[in-house]
file start38.txt (compact mmCIF, C-alpha atoms)
# COMPACT_ATOMS: atom_id res chain seq x y z
CA MET A 30 -20.37 -18.89 -30.05
CA SER A 31 -17.85 -16.35 -28.71
CA ALA A 32 -20.17 -13.43 -29.40
CA GLN A 33 -22.89 -15.18 -27.42
CA VAL A 34 -20.54 -15.80 -24.50
CA SER A 35 -19.42 -12.17 -24.53
CA LEU A 36 -23.00 -10.96 -24.43
CA THR A 37 -23.74 -13.36 -21.59
CA GLY A 38 -20.73 -12.00 -19.72
CA ASP A 39 -21.99 -8.45 -20.23
CA SER A 40 -25.48 -9.31 -19.05
CA LEU A 41 -24.12 -11.13 -16.00
CA MET A 42 -21.96 -8.16 -15.08
CA ALA A 43 -24.92 -5.82 -15.52
CA ALA A 44 -26.89 -8.10 -13.18
CA GLY A 45 -24.14 -7.99 -10.58
CA GLN A 46 -23.02 -11.60 -11.14
CA PHE A 47 -19.38 -10.58 -11.29
CA ASP A 48 -17.84 -13.94 -10.40
CA LEU A 49 -19.70 -15.78 -13.12
CA ALA A 50 -19.23 -12.94 -15.62
CA ALA A 51 -15.45 -13.16 -15.14
CA VAL A 52 -15.61 -16.87 -16.00
CA PHE A 53 -17.53 -16.16 -19.21
CA TYR A 54 -15.07 -13.45 -20.23
CA GLU A 55 -12.18 -15.84 -19.70
CA LYS A 56 -13.94 -18.48 -21.80
CA ASP A 57 -14.41 -15.95 -24.58
CA LEU A 58 -10.72 -15.07 -24.40
CA PHE A 59 -9.81 -18.75 -24.72
CA ASP A 60 -12.18 -19.29 -27.66
CA ARG A 61 -10.74 -16.31 -29.52
CA SER A 62 -7.16 -17.47 -28.93
CA GLN A 63 -7.96 -20.64 -30.84
CA ARG A 64 -8.86 -18.84 -34.06
CA THR A 65 -6.54 -15.87 -34.41
CA ASP A 66 -5.51 -16.67 -38.01
CA SER A 67 -8.83 -15.56 -39.42
CA VAL A 68 -8.89 -12.26 -37.54
CA ASN A 69 -7.06 -9.00 -38.26
CA ALA A 70 -4.28 -8.53 -35.68
CA ASP A 71 -5.39 -5.01 -34.70
CA THR A 72 -9.02 -6.10 -34.34
CA TYR A 73 -7.95 -9.12 -32.29
CA ARG A 74 -5.89 -6.93 -29.95
CA LEU A 75 -8.77 -4.51 -29.44
CA VAL A 76 -11.25 -7.26 -28.67
CA VAL A 77 -8.92 -9.11 -26.29
CA ASN A 78 -8.02 -5.92 -24.40
CA ASP A 79 -11.70 -5.05 -24.11
CA LEU A 80 -12.51 -8.48 -22.67
CA LEU A 81 -9.61 -8.23 -20.23
CA LEU A 82 -10.78 -4.80 -19.10
CA LYS A 83 -14.24 -6.19 -18.45
CA LYS A 84 -12.83 -9.09 -16.50
CA ILE A 85 -10.73 -6.67 -14.44
CA GLN A 86 -13.86 -4.66 -13.63
CA CYS A 87 -15.53 -7.83 -12.34
CA GLN A 88 -12.51 -8.67 -10.18
CA LYS A 89 -12.38 -5.16 -8.77
CA TYR A 90 -16.08 -5.32 -7.86
CA LEU A 91 -15.28 -8.56 -6.02
CA LYS A 92 -12.26 -6.86 -4.40
CA ARG A 93 -9.95 -9.50 -5.84
CA PHE A 94 -7.29 -6.92 -6.49
CA GLU A 95 -4.39 -9.34 -6.85
CA ASP A 96 -6.34 -11.28 -9.50
CA ALA A 97 -7.16 -8.00 -11.26
CA TRP A 98 -3.46 -7.10 -11.23
CA GLN A 99 -2.55 -10.46 -12.78
CA THR A 100 -5.24 -10.04 -15.44
CA ALA A 101 -3.95 -6.56 -16.27
CA GLN A 102 -0.51 -8.02 -17.02
CA ARG A 103 -2.05 -9.86 -19.98
CA MET A 104 -3.13 -6.71 -21.82
CA ASP A 105 -1.34 -5.65 -24.99
CA LEU A 106 -0.18 -2.07 -24.38
CA SER A 107 1.16 -1.48 -27.90
CA GLU A 108 -1.84 0.65 -28.83
CA ALA A 109 -1.23 3.66 -31.07
CA ASN A 110 -4.38 5.51 -30.01
CA ASP A 111 -3.50 7.79 -27.07
CA SER A 112 -6.90 7.57 -25.42
CA LEU A 113 -7.04 3.78 -25.48
CA GLN A 114 -3.41 3.35 -24.49
CA TYR A 115 -3.99 5.67 -21.54
CA ARG A 116 -7.01 3.64 -20.45
CA LEU A 117 -5.05 0.39 -20.57
CA ARG A 118 -1.96 1.71 -18.80
CA TYR A 119 -4.03 3.49 -16.17
CA GLU A 120 -5.81 0.21 -15.41
CA VAL A 121 -2.48 -1.56 -14.97
CA ALA A 122 -1.28 1.17 -12.59
CA LEU A 123 -4.57 1.24 -10.68
CA THR A 124 -4.70 -2.53 -10.15
CA GLY A 125 -1.06 -2.39 -9.08
CA TYR A 126 -1.92 0.22 -6.46
CA LEU A 127 -4.99 -1.67 -5.26
CA SER A 128 -3.03 -4.92 -4.95
CA ARG A 129 -0.21 -3.14 -3.10
CA HIS A 130 2.37 -3.52 -5.85
CA TYR A 131 3.26 0.11 -5.31
CA GLY A 132 6.65 0.09 -7.01
CA GLU A 133 5.27 -1.54 -10.17
CA ALA A 134 2.27 0.78 -10.12
CA HIS A 135 4.47 3.86 -10.02
CA GLY A 136 6.66 2.45 -12.77
CA GLN A 137 3.57 2.09 -14.95
CA ILE A 138 2.53 5.66 -14.17
CA LEU A 139 5.92 6.91 -15.35
CA GLN A 140 5.64 4.82 -18.52
CA THR A 141 2.18 6.24 -19.16
CA ARG A 142 3.53 9.78 -18.92
CA PHE A 143 6.25 8.81 -21.40
CA TYR A 144 4.17 6.98 -24.01
CA VAL A 145 0.93 9.00 -23.93
CA ARG A 146 1.37 12.37 -25.59
CA ASP A 147 -2.03 13.92 -24.85
CA SER A 148 -1.39 16.14 -21.80
CA THR A 149 -5.11 16.50 -21.12
CA LEU A 150 -5.25 12.78 -20.38
CA LEU A 151 -2.15 12.78 -18.20
CA ALA A 152 -3.57 15.38 -15.81
CA SER A 153 -5.86 12.74 -14.32
CA LEU A 154 -2.83 10.63 -13.36
CA ASP A 155 -1.90 13.02 -10.55
CA VAL A 156 -4.26 11.56 -7.97
CA LEU A 157 -3.10 7.99 -8.48
CA GLU A 158 0.54 9.05 -8.48
CA ILE A 159 0.15 11.00 -5.24
CA LEU A 160 -1.49 8.01 -3.55
CA THR A 161 1.17 5.63 -4.85
CA LEU A 162 4.08 7.85 -3.81
CA ASN A 163 2.58 8.18 -0.35
CA GLU A 164 2.56 4.40 0.05
CA LEU A 165 6.19 4.33 -1.08
CA GLU A 166 6.91 7.07 1.51
CA ARG A 167 8.32 9.31 -1.19
CA TRP A 168 6.74 12.30 0.49
CA GLU A 169 8.68 15.10 -1.16
CA GLU A 170 7.76 13.90 -4.66
CA SER A 171 4.16 13.48 -3.56
CA LYS A 172 4.18 17.02 -2.20
CA GLU A 173 5.35 18.52 -5.50
CA ILE A 174 2.70 16.69 -7.51
CA PHE A 175 0.03 17.65 -4.96
CA ARG A 176 1.08 21.28 -5.31
CA ARG A 177 0.59 21.03 -9.08
CA TYR A 178 -2.71 19.23 -8.61
CA ALA A 179 -3.94 21.87 -6.16
CA VAL A 180 -3.17 24.73 -8.58
CA ARG A 181 -4.87 22.94 -11.47
CA ASN A 182 -8.01 22.19 -9.48
CA GLY A 183 -8.28 25.40 -7.49
CA ILE A 184 -7.73 23.75 -4.10
CA THR A 185 -7.14 26.37 -1.43
CA THR A 186 -5.64 23.96 1.10
CA ASP A 187 -2.22 25.06 2.37
CA VAL A 188 0.06 22.36 0.92
CA GLU A 189 2.85 23.17 3.39
CA GLU A 190 0.42 22.73 6.26
CA LEU A 191 -0.91 19.51 4.76
CA TYR A 192 2.58 18.03 4.56
CA LYS A 193 3.81 19.42 7.88
CA PHE A 194 4.27 15.84 9.10
CA LEU A 195 7.48 15.78 7.04
CA LYS A 196 9.10 17.86 9.78
CA LYS A 197 8.62 14.99 12.21
CA LYS A 198 11.30 12.37 11.72
CA PRO A 199 10.28 8.69 11.81
CA LYS A 200 11.24 6.66 14.87
CA SER A 201 14.37 4.56 14.52
CA PRO A 202 13.75 0.92 15.55
CA GLU A 203 17.50 0.44 16.04
CA LYS A 204 17.69 3.46 18.35
CA ALA A 205 14.67 2.25 20.34
CA GLN A 206 16.32 -1.13 20.87
CA LEU A 207 19.66 0.43 21.84
CA LEU A 208 18.02 2.77 24.36
CA SER A 209 16.29 -0.20 25.97
CA PHE A 210 19.60 -2.00 26.31
CA ILE A 211 21.17 1.07 27.93
CA MET A 212 18.20 1.84 30.20
CA PRO A 213 15.23 -0.57 30.35
CA GLY A 214 11.94 1.09 29.40
CA VAL A 215 13.47 4.14 27.73
CA GLY A 216 13.24 2.55 24.29
CA GLN A 217 9.48 2.08 24.64
CA MET A 218 9.11 5.68 25.81
CA TYR A 219 11.11 6.90 22.80
CA ALA A 220 8.88 4.81 20.52
CA GLY A 221 5.84 6.64 21.87
CA TYR A 222 4.60 4.18 24.48
CA PRO A 223 5.45 5.67 27.91
CA LYS A 224 3.11 3.35 29.84
CA GLU A 225 4.72 0.29 28.29
CA GLY A 226 8.10 1.75 29.20
CA LEU A 227 7.09 2.07 32.84
CA VAL A 228 5.73 -1.49 32.84
CA SER A 229 9.00 -2.75 31.37
CA ILE A 230 11.00 -0.93 34.06
CA GLY A 231 8.72 -2.36 36.74
CA LEU A 232 8.97 -5.95 35.51
CA GLN A 233 12.73 -5.88 35.23
CA THR A 234 13.06 -4.23 38.64
CA LEU A 235 10.84 -6.92 40.18
CA ALA A 236 12.80 -9.71 38.48
CA LEU A 237 16.11 -8.24 39.64
CA GLY A 238 14.75 -7.68 43.15
CA PHE A 239 13.44 -11.25 43.26
CA GLY A 240 16.90 -12.59 42.42
CA VAL A 241 18.76 -10.36 44.86
CA TYR A 242 16.31 -11.15 47.66
CA HIS A 243 16.76 -14.90 47.33
CA VAL A 244 20.55 -14.68 46.97
CA TRP A 245 20.66 -12.50 50.08
CA HIS A 246 18.77 -15.20 51.97
CA ARG A 247 21.08 -17.86 50.52
CA TYR A 248 18.59 -19.41 48.15
CA TYR A 249 21.22 -19.30 45.47
CA LEU A 250 19.62 -21.62 42.92
CA ILE A 251 16.32 -19.75 42.98
CA GLY A 252 18.08 -16.40 43.01
CA PHE A 253 20.44 -17.09 40.13
CA PHE A 254 18.37 -19.29 37.86
CA THR A 255 14.85 -18.03 38.44
CA GLY A 256 15.59 -14.39 39.21
CA ALA A 257 18.34 -13.96 36.63
CA GLY A 258 16.35 -15.92 34.06
CA MET A 259 13.31 -13.71 34.51
CA PHE A 260 15.41 -10.56 34.36
CA GLN A 261 17.17 -11.72 31.19
CA ALA A 262 13.84 -12.56 29.52
CA PHE A 263 12.35 -9.16 30.40
CA TYR A 264 15.57 -7.33 29.47
CA PHE A 265 16.03 -8.77 25.99
CA GLY A 266 12.30 -9.08 25.40
CA GLY A 267 11.84 -5.42 26.31
CA ALA A 268 14.52 -4.34 23.85
CA ARG A 269 12.94 -6.34 21.05
CA ARG A 270 9.53 -4.99 22.03
CA ALA A 271 10.85 -1.42 21.84
CA GLU A 272 12.08 -2.05 18.28
CA LEU A 273 8.66 -3.39 17.24
CA MET A 274 6.91 -0.43 18.89
CA ALA A 275 9.01 2.05 16.93
CA GLU A 276 8.03 0.26 13.72
CA GLU A 277 4.38 0.29 14.78
CA THR A 278 4.52 4.01 15.53
CA ASN A 279 5.90 4.63 12.03
CA ARG A 280 3.15 2.50 10.48
CA LYS A 281 0.46 4.38 12.37
CA ARG A 282 1.88 7.76 11.39
CA LYS A 283 2.10 6.70 7.76
CA ALA A 284 -1.50 5.44 7.77
CA LYS A 285 -2.71 8.67 9.42
CA ASN A 286 -0.83 10.89 6.96
CA ASN A 287 -2.03 8.88 3.96
CA GLN A 288 -5.62 8.98 5.18
CA LEU A 289 -5.45 12.75 5.55
CA LEU A 290 -4.18 13.18 2.00
CA ARG A 291 -6.70 10.66 0.64
CA THR A 292 -9.54 12.57 2.28
CA VAL A 293 -8.48 15.87 0.67
CA LEU A 294 -8.11 14.19 -2.72
CA ILE A 295 -11.48 12.42 -2.50
CA GLU A 296 -13.26 15.63 -1.51
CA SER A 297 -11.62 17.45 -4.41
CA GLU A 298 -12.55 14.74 -6.93
CA ASN A 299 -16.13 14.64 -5.64
CA LYS A 300 -16.48 18.39 -6.17
CA LYS A 301 -15.22 18.01 -9.72
CA GLY A 302 -17.87 15.36 -10.38
CA LYS A 303 -20.73 17.66 -9.40

call {"tool": "encode", "arguments": {"input": "start38.txt", "output": "structure tokens"}}
result
Amino acid sequence: MSAQVSLTGDSLMAAGQFDLAAVFYEKDLFDRSQRTDSVNADTYRLVVNDLLLKKIQCQKYLKRFEDAWQTAQRMDLSEANDSLQYRLRYEVALTGYLSRHYGEAHGQILQTRFYVRDSTLLASLDVLEILTLNELERWEESKEIFRRYAVRNGITTDVEELYKFLKKKPKSPEKAQLLSFIMPGVGQMYAGYPKEGLVSIGLQTLALGFGVYHVWHRYYLIGFFTGAGMFQAFYFGGARRAELMAEETNRKRKAKNNQLLRTVLIESENKKGK
């Protein structure tokens, strides 16, 4: 029965029915778990890992990366064969990267380098490690591995030029907020949004002017409560906004830098495949 289910899962995956194929693979895994006594332990481990790998492929096709990551956690990594152990550990690291578990993914990469002795296999880990380190913002480590990768693959790109963004320090959200408290609008300008800074200055100036105008004409309640209330809202809101803008600037820079490095890596890997 299990063999039939496995074949059905394979045929469904070949036909592009990934959701249903994943269900059949899981059923096969359950069926096999009920009769482990009659099966050699090594054979059982090989079969189960193979079924899990197939299920992971289905989940990746469906872009269910978190599910693929959870499935990968079920694999038995105590495989003596270097090639197979590399394949299993690489899949764990890859699904970790795809599901944004970057710290766990990098940990698995380091474990793979430790447990797998075949250096020819480990060379192909560089790309995934560079991408993972970039997401962790460990740029200097990424740069060193990229340098090694470039030499190995004959990439003529100037690595120093590629990583020149390291010379530009990230914006400090705390500094942006402090600057806005000291001088309204300056925090937004520091964060890289000069127009927003000018708008913030304008709004706070109008609110303050509104309050002063009405107090001058003896409309004290309107001047103090409405004018001061508006100014306070714009003042503290502007400072908080400046902090968020600095964080957004850092996110955009990180995404831009990562995309640049991904593009170079993809082009390099595509050339290798030809």

call {"tool": "residues_around", "arguments": {"input": "start38.txt", "residues": "range 101-112 of chain A", "least_positions_apart": "4", "cutoff": "10 Å", "atoms": "all atoms listed in the file", "output": "number ranges by chain"}}
result
A: 71, 74-75, 77-82, 84-85, 95-97, 116-118, 120-125, 141, 144-147, 150

call {"tool": "closest_residue", "arguments": {"input": "start38.txt", "among": "A:Arg270, A:Lys283, A:Lys198, A:His130", "to": "Val228 in chain A", "atoms": "all atoms listed in the file"}}
result
A:Arg270

call {"tool": "closest_residue", "arguments": {"input": "start38.txt", "among": "A:Arg176, A:Lys200, A:Arg291, A:Arg93", "to": "Leu160 in chain A", "atoms": "only C-alpha atoms"}}
result
A:Arg291

call {"tool": "closest_residue", "arguments": {"input": "start38.txt", "among": "A:Asn163, A:Gln86, A:Asn299, A:Gln63", "to": "His135 in chain A", "atoms": "all atoms listed in the file"}}
result
A:Asn163

call {"tool": "closest_residue", "arguments": {"input": "start38.txt", "among": "A:Leu127, A:Leu139, A:Ile174, A:Ala43", "to": "Val156 in chain A", "atoms": "all atoms listed in the file"}}
result
A:Ile174

call {"tool": "build_atoms", "arguments": {"input": "start38.txt", "residues": "range 117-141 of chain A", "atoms": "N, CA, C and O atoms", "output": "PDB file, in the frame of the given file"}}
result
ATOM      1  N   LEU A 117      -5.667   1.673 -20.897  1.00  0.00           N
ATOM      2  CA  LEU A 117      -5.050   0.390 -20.570  1.00  0.00           C
ATOM      3  C   LEU A 117      -3.959   0.550 -19.521  1.00  0.00           C
ATOM      4  O   LEU A 117      -3.916  -0.187 -18.526  1.00  0.00           O
ATOM      5  N   ARG A 118      -3.077   1.509 -19.728  1.00  0.00           N
ATOM      6  CA  ARG A 118      -1.960   1.710 -18.800  1.00  0.00           C
ATOM      7  C   ARG A 118      -2.452   2.193 -17.434  1.00  0.00           C
ATOM      8  O   ARG A 118      -1.910   1.815 -16.392  1.00  0.00           O
ATOM      9  N   TYR A 119      -3.479   3.026 -17.446  1.00  0.00           N
ATOM     10  CA  TYR A 119      -4.030   3.490 -16.170  1.00  0.00           C
ATOM     11  C   TYR A 119      -4.585   2.300 -15.382  1.00  0.00           C
ATOM     12  O   TYR A 119      -4.428   2.221 -14.155  1.00  0.00           O
ATOM     13  N   GLU A 120      -5.227   1.381 -16.078  1.00  0.00           N
ATOM     14  CA  GLU A 120      -5.810   0.210 -15.410  1.00  0.00           C
ATOM     15  C   GLU A 120      -4.707  -0.659 -14.804  1.00  0.00           C
ATOM     16  O   GLU A 120      -4.867  -1.202 -13.703  1.00  0.00           O
ATOM     17  N   VAL A 121      -3.604  -0.791 -15.511  1.00  0.00           N
ATOM     18  CA  VAL A 121      -2.480  -1.560 -14.970  1.00  0.00           C
ATOM     19  C   VAL A 121      -1.953  -0.888 -13.698  1.00  0.00           C
ATOM     20  O   VAL A 121      -1.719  -1.542 -12.677  1.00  0.00           O
ATOM     21  N   ALA A 122      -1.779   0.431 -13.758  1.00  0.00           N
ATOM     22  CA  ALA A 122      -1.280   1.170 -12.590  1.00  0.00           C
ATOM     23  C   ALA A 122      -2.268   1.109 -11.433  1.00  0.00           C
ATOM     24  O   ALA A 122      -1.872   0.910 -10.278  1.00  0.00           O
ATOM     25  N   LEU A 123      -3.550   1.245 -11.737  1.00  0.00           N
ATOM     26  CA  LEU A 123      -4.570   1.240 -10.680  1.00  0.00           C
ATOM     27  C   LEU A 123      -4.637  -0.120  -9.987  1.00  0.00           C
ATOM     28  O   LEU A 123      -4.684  -0.191  -8.754  1.00  0.00           O
ATOM     29  N   THR A 124      -4.651  -1.201 -10.765  1.00  0.00           N
ATOM     30  CA  THR A 124      -4.700  -2.530 -10.150  1.00  0.00           C
ATOM     31  C   THR A 124      -3.422  -2.810  -9.367  1.00  0.00           C
ATOM     32  O   THR A 124      -3.445  -3.498  -8.340  1.00  0.00           O
ATOM     33  N   GLY A 125      -2.297  -2.253  -9.833  1.00  0.00           N
ATOM     34  CA  GLY A 125      -1.060  -2.390  -9.080  1.00  0.00           C
ATOM     35  C   GLY A 125      -1.149  -1.694  -7.732  1.00  0.00           C
ATOM     36  O   GLY A 125      -0.727  -2.236  -6.706  1.00  0.00           O
ATOM     37  N   TYR A 126      -1.738  -0.510  -7.725  1.00  0.00           N
ATOM     38  CA  TYR A 126      -1.920   0.220  -6.460  1.00  0.00           C
ATOM     39  C   TYR A 126      -2.872  -0.526  -5.535  1.00  0.00           C
ATOM     40  O   TYR A 126      -2.587  -0.705  -4.343  1.00  0.00           O
ATOM     41  N   LEU A 127      -3.993  -0.989  -6.083  1.00  0.00           N
ATOM     42  CA  LEU A 127      -4.990  -1.670  -5.260  1.00  0.00           C
ATOM     43  C   LEU A 127      -4.473  -2.984  -4.680  1.00  0.00           C
ATOM     44  O   LEU A 127      -4.871  -3.394  -3.588  1.00  0.00           O
ATOM     45  N   SER A 128      -3.575  -3.640  -5.422  1.00  0.00           N
ATOM     46  CA  SER A 128      -3.030  -4.920  -4.950  1.00  0.00           C
ATOM     47  C   SER A 128      -1.718  -4.740  -4.202  1.00  0.00           C
ATOM     48  O   SER A 128      -1.027  -5.706  -3.889  1.00  0.00           O
ATOM     49  N   ARG A 129      -1.371  -3.495  -3.908  1.00  0.00           N
ATOM     50  CA  ARG A 129      -0.210  -3.140  -3.100  1.00  0.00           C
ATOM     51  C   ARG A 129       1.124  -3.421  -3.789  1.00  0.00           C
ATOM     52  O   ARG A 129       2.146  -3.565  -3.127  1.00  0.00           O
ATOM     53  N   HIS A 130       1.117  -3.463  -5.100  1.00  0.00           N
ATOM     54  CA  HIS A 130       2.370  -3.520  -5.850  1.00  0.00           C
ATOM     55  C   HIS A 130       2.762  -2.077  -6.195  1.00  0.00           C
ATOM     56  O   HIS A 130       2.729  -1.657  -7.358  1.00  0.00           O
ATOM     57  N   TYR A 131       3.098  -1.323  -5.157  1.00  0.00           N
ATOM     58  CA  TYR A 131       3.260   0.110  -5.310  1.00  0.00           C
ATOM     59  C   TYR A 131       4.414   0.494  -6.237  1.00  0.00           C
ATOM     60  O   TYR A 131       4.300   1.438  -7.021  1.00  0.00           O
ATOM     61  N   GLY A 132       5.514  -0.220  -6.146  1.00  0.00           N
ATOM     62  CA  GLY A 132       6.650   0.090  -7.010  1.00  0.00           C
ATOM     63  C   GLY A 132       6.315  -0.118  -8.483  1.00  0.00           C
ATOM     64  O   GLY A 132       6.613   0.737  -9.323  1.00  0.00           O
ATOM     65  N   GLU A 133       5.662  -1.255  -8.784  1.00  0.00           N
ATOM     66  CA  GLU A 133       5.270  -1.540 -10.170  1.00  0.00           C
ATOM     67  C   GLU A 133       4.218  -0.551 -10.651  1.00  0.00           C
ATOM     68  O   GLU A 133       4.226  -0.127 -11.816  1.00  0.00           O
ATOM     69  N   ALA A 134       3.312  -0.174  -9.752  1.00  0.00           N
ATOM     70  CA  ALA A 134       2.270   0.780 -10.120  1.00  0.00           C
ATOM     71  C   ALA A 134       2.884   2.122 -10.498  1.00  0.00           C
ATOM     72  O   ALA A 134       2.509   2.742 -11.507  1.00  0.00           O
ATOM     73  N   HIS A 135       3.847   2.577  -9.704  1.00  0.00           N
ATOM     74  CA  HIS A 135       4.470   3.860 -10.020  1.00  0.00           C
ATOM     75  C   HIS A 135       5.289   3.775 -11.293  1.00  0.00           C
ATOM     76  O   HIS A 135       5.327   4.723 -12.091  1.00  0.00           O
ATOM     77  N   GLY A 136       5.926   2.637 -11.526  1.00  0.00           N
ATOM     78  CA  GLY A 136       6.660   2.450 -12.770  1.00  0.00           C
ATOM     79  C   GLY A 136       5.747   2.566 -13.977  1.00  0.00           C
ATOM     80  O   GLY A 136       6.107   3.174 -14.996  1.00  0.00           O
ATOM     81  N   GLN A 137       4.533   2.009 -13.856  1.00  0.00           N
ATOM     82  CA  GLN A 137       3.570   2.090 -14.950  1.00  0.00           C
ATOM     83  C   GLN A 137       3.073   3.517 -15.152  1.00  0.00           C
ATOM     84  O   GLN A 137       2.831   3.958 -16.281  1.00  0.00           O
ATOM     85  N   ILE A 138       2.933   4.259 -14.073  1.00  0.00           N
ATOM     86  CA  ILE A 138       2.530   5.660 -14.170  1.00  0.00           C
ATOM     87  C   ILE A 138       3.575   6.456 -14.951  1.00  0.00           C
ATOM     88  O   ILE A 138       3.238   7.261 -15.834  1.00  0.00           O
ATOM     89  N   LEU A 139       4.840   6.212 -14.644  1.00  0.00           N
ATOM     90  CA  LEU A 139       5.920   6.910 -15.350  1.00  0.00           C
ATOM     91  C   LEU A 139       5.935   6.526 -16.836  1.00  0.00           C
ATOM     92  O   LEU A 139       6.150   7.386 -17.709  1.00  0.00           O
ATOM     93  N   GLN A 140       5.699   5.255 -17.122  1.00  0.00           N
ATOM     94  CA  GLN A 140       5.640   4.820 -18.520  1.00  0.00           C
ATOM     95  C   GLN A 140       4.466   5.470 -19.252  1.00  0.00           C
ATOM     96  O   GLN A 140       4.583   5.842 -20.428  1.00  0.00           O
ATOM     97  N   THR A 141       3.352   5.614 -18.554  1.00  0.00           N
ATOM     98  CA  THR A 141       2.180   6.240 -19.160  1.00  0.00           C
ATOM     99  C   THR A 141       2.488   7.688 -19.531  1.00  0.00           C
ATOM    100  O   THR A 141       2.141   8.159 -20.618  1.00  0.00           O
TER     101      THR A 141
END
